[in-house]
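Student: Just passing along the structure, written as structure tokens.
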Amino acid sequence: MHASWRPGCPVPLEDLRHVTVRHHDMTGAVVTGELVVHADVADGLVEVFRALFDARFPLTSVRLVDDFGADDDASMAADNTSAFNCRAVTGGSGWSEHAYGRAVDVNPVENPYVRGGTVLPPAGAAFVDRPDAPGVVHDGDVVVRAFAAHGWAWGGHWSSPTDYQHFSTTGR
């Protein structure tokens with residue numbers, strides 16, 4: 001955690017856990033990914049990813065945001081599913097739920113953040129209309145149900161912004 005955590009972050013390192021998860025990539029191959037999350041949600045999150053694996057829900061990439069120098073834009077552009085990153089909320093100055101290890105972004109290209117005419121990452125513009133395509137999260141699907149079963153809320157239920165990639169334990 002050389003880039004995503006620093007002194008002054010709202011959660012101490014000892015409260016974070018490194019978890020590895022198996023997942024299917026977009027070609028159907030089984031690969032291993034890694035995330036960092038808050039200790040008190042780690043076990044439940046492993047269960048979420050087990051459900052996604054069992055359902056063969058594809059994830060482009062599951063890598064630590066440190067692999068991208070803690071640059072959230074670079075991680076999203078790479079369609080990387082990620083969790084902990086000590087950063088401010090998008091477009092604001094307060095801490096993001098990612099800074100607490102209590103949020104996960106799933107396939108950001110297929111599930112973009114949308115506020116007015118802003119789409120992040122920009123490649124996500126092709127998915128704003130929520131096509132039935134691999135990696136796209138839809139209301140009530142296996143992804144939303146798996147996260148909800150462990151107390152996580154989906155940003156796709158928000159009106160503005162609508163954050164299709166975002167799941168959090170606080171609903172923020």
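Residues are named by chain letter and number: chains run A, B, ... in the order of the structure tokens, numbers start at 1 in each chain, and ligands are numbered from 1 in the order shown.
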Go through chain A and collect every residue that DSSP, computed from the backbone, puts in strand (DSSP E or B); the answer should be as a PyMOL selection string.
Tutor: chain A and resi 16-24+30-38+58+61-62+80-82+88+95+103-105+113-115+118-120+153-154+162-163+166-168
Student: May I have the residues within 10 Å of Thr27 in chain A as an MDAnalysis selection string, using only C-alpha atoms and disregarding those fewer than 4 positions away in the same chain?
Tutor: chainID A and resid 58:60 134
Student: Calculated over only C-alpha atoms, which of the candidates A:Ser4, A:Ser61, A:Ser93, A:Ser168 has the smallest distance to Val31 in chain A?
Tutor: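 Going through A:Ser4, A:Ser61, A:Ser93, A:Ser168 one by one, the smallest distance to Val31 in chain A is for A:Ser61.
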Student: List the neighbours of Asp105 in chain A out to 7 Å using only C-alpha atoms; skip same-chain residues closer than 5 positions along the sequence, and give me the result as a list in words.
Tutor: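 Everything that qualifies: Thr81, Ser82, Ala83, Gln165, His166 and Phe167 of chain A.
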Student: Show which residues sit within 12 Å of His23 in chain A, as an mmCIF file with N, CA, C and O atoms, in the first residue's frame. Count only C-alpha atoms, and ignore same-chain residues fewer than 2 positions away.
Tutor:
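The result, stored in part13.cif:
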data_model
loop_
_atom_site.group_PDB
_atom_site.id
_atom_site.type_symbol
_atom_site.label_atom_id
_atom_site.label_comp_id
_atom_site.auth_asym_id
_atom_site.auth_seq_id
_atom_site.Cartn_x
_atom_site.Cartn_y
_atom_site.Cartn_z
ATOM 1 N N THR A 20 -7.828 -11.841 -1.528
ATOM 2 C CA THR A 20 -7.710 -12.326 -2.897
ATOM 3 C C THR A 20 -9.001 -13.043 -3.251
ATOM 4 O O THR A 20 -9.621 -13.699 -2.400
ATOM 5 N N VAL A 21 -9.419 -12.875 -4.486
ATOM 6 C CA VAL A 21 -10.668 -13.468 -4.960
ATOM 7 C C VAL A 21 -10.452 -14.058 -6.349
ATOM 8 O O VAL A 21 -9.716 -13.503 -7.162
ATOM 9 N N ASP A 25 -12.724 -13.621 -16.023
ATOM 10 C CA ASP A 25 -12.471 -12.400 -16.774
ATOM 11 C C ASP A 25 -13.441 -12.342 -17.956
ATOM 12 O O ASP A 25 -14.318 -13.205 -18.104
ATOM 13 N N MET A 26 -13.296 -11.360 -18.812
ATOM 14 C CA MET A 26 -14.236 -11.165 -19.919
ATOM 15 C C MET A 26 -14.146 -12.275 -20.977
ATOM 16 O O MET A 26 -15.047 -12.393 -21.799
ATOM 17 N N THR A 27 -13.097 -13.071 -20.942
ATOM 18 C CA THR A 27 -12.999 -14.205 -21.880
ATOM 19 C C THR A 27 -13.515 -15.496 -21.259
ATOM 20 O O THR A 27 -13.552 -16.529 -21.917
ATOM 21 N N GLY A 28 -13.864 -15.437 -19.979
ATOM 22 C CA GLY A 28 -14.332 -16.617 -19.262
ATOM 23 C C GLY A 28 -13.242 -17.348 -18.501
ATOM 24 O O GLY A 28 -13.512 -18.305 -17.777
ATOM 25 N N ALA A 29 -11.999 -16.902 -18.647
ATOM 26 C CA ALA A 29 -10.892 -17.532 -17.929
ATOM 27 C C ALA A 29 -11.003 -17.236 -16.430
ATOM 28 O O ALA A 29 -11.470 -16.167 -16.033
ATOM 29 N N VAL A 30 -10.559 -18.185 -15.626
ATOM 30 C CA VAL A 30 -10.547 -17.991 -14.178
ATOM 31 C C VAL A 30 -9.207 -17.382 -13.795
ATOM 32 O O VAL A 30 -8.146 -17.914 -14.142
ATOM 33 N N VAL A 31 -9.267 -16.251 -13.107
ATOM 34 C CA VAL A 31 -8.068 -15.547 -12.673
ATOM 35 C C VAL A 31 -8.235 -15.147 -11.206
ATOM 36 O O VAL A 31 -9.332 -15.195 -10.667
ATOM 37 N N THR A 32 -7.148 -14.750 -10.596
ATOM 38 C CA THR A 32 -7.172 -14.301 -9.206
ATOM 39 C C THR A 32 -6.951 -12.799 -9.169
ATOM 40 O O THR A 32 -6.064 -12.277 -9.848
ATOM 41 N N GLY A 33 -7.769 -12.123 -8.389
ATOM 42 C CA GLY A 33 -7.636 -10.689 -8.219
ATOM 43 C C GLY A 33 -7.430 -10.360 -6.756
ATOM 44 O O GLY A 33 -7.484 -11.248 -5.887
ATOM 45 N N GLU A 34 -7.197 -9.086 -6.472
ATOM 46 C CA GLU A 34 -6.963 -8.665 -5.095
ATOM 47 C C GLU A 34 -7.579 -7.307 -4.823
ATOM 48 O O GLU A 34 -7.646 -6.451 -5.697
ATOM 49 N N VAL A 46 -15.708 -11.353 0.560
ATOM 50 C CA VAL A 46 -15.254 -12.612 -0.038
ATOM 51 C C VAL A 46 -16.470 -13.439 -0.468
ATOM 52 O O VAL A 46 -16.480 -14.035 -1.554
ATOM 53 N N VAL A 48 -19.410 -12.220 -1.322
ATOM 54 C CA VAL A 48 -19.967 -11.544 -2.497
ATOM 55 C C VAL A 48 -19.238 -12.014 -3.757
ATOM 56 O O VAL A 48 -19.867 -12.403 -4.750
ATOM 57 N N PHE A 49 -17.916 -12.001 -3.702
ATOM 58 C CA PHE A 49 -17.153 -12.399 -4.887
ATOM 59 C C PHE A 49 -17.289 -13.896 -5.177
ATOM 60 O O PHE A 49 -17.221 -14.300 -6.337
ATOM 61 N N ARG A 50 -17.530 -14.681 -4.163
ATOM 62 C CA ARG A 50 -17.810 -16.110 -4.393
ATOM 63 C C ARG A 50 -19.112 -16.256 -5.187
ATOM 64 O O ARG A 50 -19.210 -17.042 -6.125
ATOM 65 N N ALA A 51 -20.128 -15.476 -4.818
ATOM 66 C CA ALA A 51 -21.404 -15.519 -5.541
ATOM 67 C C ALA A 51 -21.231 -15.058 -6.983
ATOM 68 O O ALA A 51 -21.801 -15.657 -7.908
ATOM 69 N N LEU A 52 -20.428 -14.025 -7.201
ATOM 70 C CA LEU A 52 -20.184 -13.551 -8.569
ATOM 71 C C LEU A 52 -19.432 -14.606 -9.371
ATOM 72 O O LEU A 52 -19.718 -14.833 -10.549
ATOM 73 N N PHE A 53 -18.470 -15.267 -8.727
ATOM 74 C CA PHE A 53 -17.720 -16.335 -9.390
ATOM 75 C C PHE A 53 -18.662 -17.483 -9.760
ATOM 76 O O PHE A 53 -18.658 -17.961 -10.900
ATOM 77 N N ASP A 54 -19.482 -17.918 -8.811
ATOM 78 C CA ASP A 54 -20.406 -19.028 -9.063
ATOM 79 C C ASP A 54 -21.383 -18.699 -10.191
ATOM 80 O O ASP A 54 -21.778 -19.583 -10.951
ATOM 81 N N ALA A 55 -21.762 -17.425 -10.311
ATOM 82 C CA ALA A 55 -22.676 -16.989 -11.368
ATOM 83 C C ALA A 55 -21.945 -16.710 -12.689
ATOM 84 O O ALA A 55 -22.590 -16.373 -13.680
ATOM 85 N N ARG A 56 -20.623 -16.838 -12.663
ATOM 86 C CA ARG A 56 -19.792 -16.571 -13.843
ATOM 87 C C ARG A 56 -19.913 -15.119 -14.328
ATOM 88 O O ARG A 56 -19.754 -14.833 -15.504
ATOM 89 N N PHE A 57 -20.197 -14.197 -13.395
ATOM 90 C CA PHE A 57 -20.260 -12.783 -13.752
ATOM 91 C C PHE A 57 -18.846 -12.315 -14.067
ATOM 92 O O PHE A 57 -17.938 -12.442 -13.240
ATOM 93 N N PRO A 58 -18.610 -11.757 -15.275
ATOM 94 C CA PRO A 58 -17.243 -11.396 -15.665
ATOM 95 C C PRO A 58 -16.776 -10.052 -15.107
ATOM 96 O O PRO A 58 -17.533 -9.084 -15.064
ATOM 97 N N LEU A 59 -15.528 -10.035 -14.681
ATOM 98 C CA LEU A 59 -14.863 -8.817 -14.215
ATOM 99 C C LEU A 59 -13.613 -8.633 -15.066
ATOM 100 O O LEU A 59 -12.797 -9.548 -15.175
ATOM 101 N N THR A 60 -13.460 -7.477 -15.656
ATOM 102 C CA THR A 60 -12.310 -7.228 -16.523
ATOM 103 C C THR A 60 -11.002 -7.385 -15.773
ATOM 104 O O THR A 60 -10.074 -8.040 -16.235
ATOM 105 N N SER A 61 -10.936 -6.787 -14.603
ATOM 106 C CA SER A 61 -9.708 -6.747 -13.828
ATOM 107 C C SER A 61 -10.070 -6.512 -12.372
ATOM 108 O O SER A 61 -11.011 -5.777 -12.084
ATOM 109 N N VAL A 62 -9.331 -7.147 -11.469
ATOM 110 C CA VAL A 62 -9.489 -6.897 -10.028
ATOM 111 C C VAL A 62 -8.077 -6.738 -9.473
ATOM 112 O O VAL A 62 -7.413 -7.708 -9.126
ATOM 113 N N ARG A 63 -7.629 -5.479 -9.439
ATOM 114 C CA ARG A 63 -6.268 -5.171 -8.997
ATOM 115 C C ARG A 63 -6.299 -4.056 -7.968
ATOM 116 O O ARG A 63 -7.217 -3.246 -7.942
ATOM 117 N N THR A 81 -11.916 -3.307 -11.306
ATOM 118 C CA THR A 81 -12.740 -3.410 -10.114
ATOM 119 C C THR A 81 -11.819 -3.191 -8.920
ATOM 120 O O THR A 81 -10.818 -3.888 -8.776
ATOM 121 N N GLY A 135 -20.673 -7.981 -18.051
ATOM 122 C CA GLY A 135 -20.082 -7.071 -17.077
ATOM 123 C C GLY A 135 -20.956 -5.915 -16.652
ATOM 124 O O GLY A 135 -20.597 -5.158 -15.750
#
Student: Just the alpha helix (DSSP H) stuff from range 29-155 of chain A, please, per backbone DSSP, written as a ChimeraX atom specification.
Tutor: /A:39-54,72-77,142-148
Student: Would you put the residues from that selection into a file with N, CA and C atoms, as a PDB file, in the first residue's frame?
Tutor:
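selection.pdb, written as the output of this step:
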ATOM      1  N   ALA A  39     -11.467  -4.256   7.614  1.00  0.00           N
ATOM      2  CA  ALA A  39     -11.482  -5.582   8.240  1.00  0.00           C
ATOM      3  C   ALA A  39     -12.890  -6.072   8.540  1.00  0.00           C
ATOM      4  N   ASP A  40     -13.774  -5.173   8.948  1.00  0.00           N
ATOM      5  CA  ASP A  40     -15.098  -5.647   9.351  1.00  0.00           C
ATOM      6  C   ASP A  40     -16.024  -5.995   8.192  1.00  0.00           C
ATOM      7  N   VAL A  41     -15.599  -5.763   6.952  1.00  0.00           N
ATOM      8  CA  VAL A  41     -16.415  -6.172   5.791  1.00  0.00           C
ATOM      9  C   VAL A  41     -15.710  -7.218   4.928  1.00  0.00           C
ATOM     10  N   ALA A  42     -14.497  -7.592   5.285  1.00  0.00           N
ATOM     11  CA  ALA A  42     -13.688  -8.478   4.444  1.00  0.00           C
ATOM     12  C   ALA A  42     -14.351  -9.842   4.221  1.00  0.00           C
ATOM     13  N   ASP A  43     -14.804 -10.496   5.276  1.00  0.00           N
ATOM     14  CA  ASP A  43     -15.393 -11.826   5.118  1.00  0.00           C
ATOM     15  C   ASP A  43     -16.637 -11.786   4.239  1.00  0.00           C
ATOM     16  N   GLY A  44     -17.491 -10.803   4.469  1.00  0.00           N
ATOM     17  CA  GLY A  44     -18.700 -10.671   3.649  1.00  0.00           C
ATOM     18  C   GLY A  44     -18.383 -10.397   2.194  1.00  0.00           C
ATOM     19  N   LEU A  45     -17.342  -9.581   1.965  1.00  0.00           N
ATOM     20  CA  LEU A  45     -16.975  -9.271   0.586  1.00  0.00           C
ATOM     21  C   LEU A  45     -16.440 -10.504  -0.136  1.00  0.00           C
ATOM     22  N   VAL A  46     -15.708 -11.353   0.560  1.00  0.00           N
ATOM     23  CA  VAL A  46     -15.254 -12.612  -0.038  1.00  0.00           C
ATOM     24  C   VAL A  46     -16.470 -13.439  -0.468  1.00  0.00           C
ATOM     25  N   GLU A  47     -17.513 -13.440   0.349  1.00  0.00           N
ATOM     26  CA  GLU A  47     -18.741 -14.159   0.002  1.00  0.00           C
ATOM     27  C   GLU A  47     -19.421 -13.539  -1.218  1.00  0.00           C
ATOM     28  N   VAL A  48     -19.410 -12.220  -1.322  1.00  0.00           N
ATOM     29  CA  VAL A  48     -19.967 -11.544  -2.497  1.00  0.00           C
ATOM     30  C   VAL A  48     -19.238 -12.014  -3.757  1.00  0.00           C
ATOM     31  N   PHE A  49     -17.916 -12.001  -3.702  1.00  0.00           N
ATOM     32  CA  PHE A  49     -17.153 -12.399  -4.887  1.00  0.00           C
ATOM     33  C   PHE A  49     -17.289 -13.896  -5.177  1.00  0.00           C
ATOM     34  N   ARG A  50     -17.530 -14.681  -4.163  1.00  0.00           N
ATOM     35  CA  ARG A  50     -17.810 -16.110  -4.393  1.00  0.00           C
ATOM     36  C   ARG A  50     -19.112 -16.256  -5.187  1.00  0.00           C
ATOM     37  N   ALA A  51     -20.128 -15.476  -4.818  1.00  0.00           N
ATOM     38  CA  ALA A  51     -21.404 -15.519  -5.541  1.00  0.00           C
ATOM     39  C   ALA A  51     -21.231 -15.058  -6.983  1.00  0.00           C
ATOM     40  N   LEU A  52     -20.428 -14.025  -7.201  1.00  0.00           N
ATOM     41  CA  LEU A  52     -20.184 -13.551  -8.569  1.00  0.00           C
ATOM     42  C   LEU A  52     -19.432 -14.606  -9.371  1.00  0.00           C
ATOM     43  N   PHE A  53     -18.470 -15.267  -8.727  1.00  0.00           N
ATOM     44  CA  PHE A  53     -17.720 -16.335  -9.390  1.00  0.00           C
ATOM     45  C   PHE A  53     -18.662 -17.483  -9.760  1.00  0.00           C
ATOM     46  N   ASP A  54     -19.482 -17.918  -8.811  1.00  0.00           N
ATOM     47  CA  ASP A  54     -20.406 -19.028  -9.063  1.00  0.00           C
ATOM     48  C   ASP A  54     -21.383 -18.699 -10.191  1.00  0.00           C
ATOM     49  N   ASP A  72      -7.438   7.141  -9.398  1.00  0.00           N
ATOM     50  CA  ASP A  72      -8.755   6.557  -9.615  1.00  0.00           C
ATOM     51  C   ASP A  72      -9.152   6.618 -11.084  1.00  0.00           C
ATOM     52  N   ASP A  73      -8.820   7.712 -11.776  1.00  0.00           N
ATOM     53  CA  ASP A  73      -9.155   7.827 -13.196  1.00  0.00           C
ATOM     54  C   ASP A  73      -8.445   6.750 -14.018  1.00  0.00           C
ATOM     55  N   ALA A  74      -7.187   6.494 -13.709  1.00  0.00           N
ATOM     56  CA  ALA A  74      -6.431   5.464 -14.445  1.00  0.00           C
ATOM     57  C   ALA A  74      -6.995   4.076 -14.151  1.00  0.00           C
ATOM     58  N   SER A  75      -7.360   3.819 -12.908  1.00  0.00           N
ATOM     59  CA  SER A  75      -7.948   2.535 -12.545  1.00  0.00           C
ATOM     60  C   SER A  75      -9.284   2.335 -13.268  1.00  0.00           C
ATOM     61  N   MET A  76     -10.112   3.375 -13.291  1.00  0.00           N
ATOM     62  CA  MET A  76     -11.394   3.274 -13.999  1.00  0.00           C
ATOM     63  C   MET A  76     -11.190   3.079 -15.497  1.00  0.00           C
ATOM     64  N   ALA A  77     -10.263   3.828 -16.089  1.00  0.00           N
ATOM     65  CA  ALA A  77     -10.012   3.707 -17.529  1.00  0.00           C
ATOM     66  C   ALA A  77      -9.569   2.295 -17.901  1.00  0.00           C
ATOM     67  N   VAL A 142     -27.642 -10.611 -10.219  1.00  0.00           N
ATOM     68  CA  VAL A 142     -26.847 -11.376  -9.257  1.00  0.00           C
ATOM     69  C   VAL A 142     -25.857 -10.488  -8.497  1.00  0.00           C
ATOM     70  N   VAL A 143     -25.339  -9.461  -9.143  1.00  0.00           N
ATOM     71  CA  VAL A 143     -24.365  -8.581  -8.489  1.00  0.00           C
ATOM     72  C   VAL A 143     -25.051  -7.758  -7.392  1.00  0.00           C
ATOM     73  N   VAL A 144     -26.136  -7.107  -7.745  1.00  0.00           N
ATOM     74  CA  VAL A 144     -26.858  -6.285  -6.777  1.00  0.00           C
ATOM     75  C   VAL A 144     -27.357  -7.157  -5.620  1.00  0.00           C
ATOM     76  N   ARG A 145     -27.882  -8.342  -5.930  1.00  0.00           N
ATOM     77  CA  ARG A 145     -28.380  -9.237  -4.879  1.00  0.00           C
ATOM     78  C   ARG A 145     -27.250  -9.736  -3.981  1.00  0.00           C
ATOM     79  N   ALA A 146     -26.103 -10.084  -4.565  1.00  0.00           N
ATOM     80  CA  ALA A 146     -24.981 -10.592  -3.761  1.00  0.00           C
ATOM     81  C   ALA A 146     -24.473  -9.527  -2.800  1.00  0.00           C
ATOM     82  N   PHE A 147     -24.298  -8.311  -3.285  1.00  0.00           N
ATOM     83  CA  PHE A 147     -23.854  -7.234  -2.396  1.00  0.00           C
ATOM     84  C   PHE A 147     -24.916  -6.939  -1.331  1.00  0.00           C
ATOM     85  N   ALA A 148     -26.184  -6.856  -1.735  1.00  0.00           N
ATOM     86  CA  ALA A 148     -27.268  -6.543  -0.796  1.00  0.00           C
ATOM     87  C   ALA A 148     -27.364  -7.594   0.310  1.00  0.00           C
TER      88      ALA A 148
END
Student: Which of these, A:Val114, A:Ala88, A:Leu120, A:Ala133, has the shortest distance to Gly156 in chain A once you count only C-alpha atoms?
Tutor: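 Under the stated criterion, the closest residue is A:Val114.
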Student: Rank A:Gly94, A:Val89, A:Val119, A:Tyr164 by their smallest atom-to-atom distance to Asn107 in chain A, using only C-alpha atoms, and report the top residue only.
Tutor: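 Going through A:Gly94, A:Val89, A:Val119, A:Tyr164 one by one, the smallest distance to Asn107 in chain A is for A:Tyr164.
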Student: Rounded to one decimal place, report the CA of Tyr100 in chain A-CA of Val11 in chain A distance in Å.
Tutor: 5.6 Å
Student: Excluding Val36 in chain A and any residue of its chain fewer than 3 positions from it, enumerate the residues within 8 Å of it, using only C-alpha atoms, and give them as a list in words.
Tutor: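 Surrounding residues, per the criterion: Leu16, Arg17, His18, Val19, Leu64, Ala83, Phe84 and Gly101 of chain A.
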Student: Write out the residues from the selection above, keeping N, CA and C atoms, as a compact mmCIF listing (two decimals), in the first residue's frame.
Tutor:
# COMPACT_ATOMS: atom_id res chain seq x y z
N LEU A 16 -7.32 -2.42 7.87
CA LEU A 16 -7.56 -2.84 6.49
C LEU A 16 -7.11 -4.28 6.29
N ARG A 17 -7.73 -4.96 5.33
CA ARG A 17 -7.37 -6.34 5.01
C ARG A 17 -7.18 -6.49 3.51
N HIS A 18 -6.17 -7.25 3.16
CA HIS A 18 -5.90 -7.61 1.77
C HIS A 18 -6.60 -8.92 1.50
N VAL A 19 -7.48 -8.95 0.51
CA VAL A 19 -8.19 -10.18 0.17
C VAL A 19 -7.92 -10.54 -1.29
N LEU A 64 -5.25 -4.01 -7.16
CA LEU A 64 -5.14 -2.93 -6.19
C LEU A 64 -5.00 -1.60 -6.93
N ALA A 83 -11.31 -1.31 -4.64
CA ALA A 83 -11.96 -0.98 -3.37
C ALA A 83 -11.23 0.18 -2.69
N PHE A 84 -10.38 -0.11 -1.69
CA PHE A 84 -9.76 0.94 -0.89
C PHE A 84 -8.90 1.88 -1.74
N GLY A 101 -12.41 1.97 3.14
CA GLY A 101 -12.41 0.56 2.78
C GLY A 101 -13.80 -0.04 2.79
Student: Show which residues sit within 6 Å of Asn85 in chain A, as a list in words. Count only C-alpha atoms, and ignore same-chain residues fewer than 2 positions away.
Tutor: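 Listing them by chain and then by number gives Ser4, Arg87, His98 and Ala99 of chain A.
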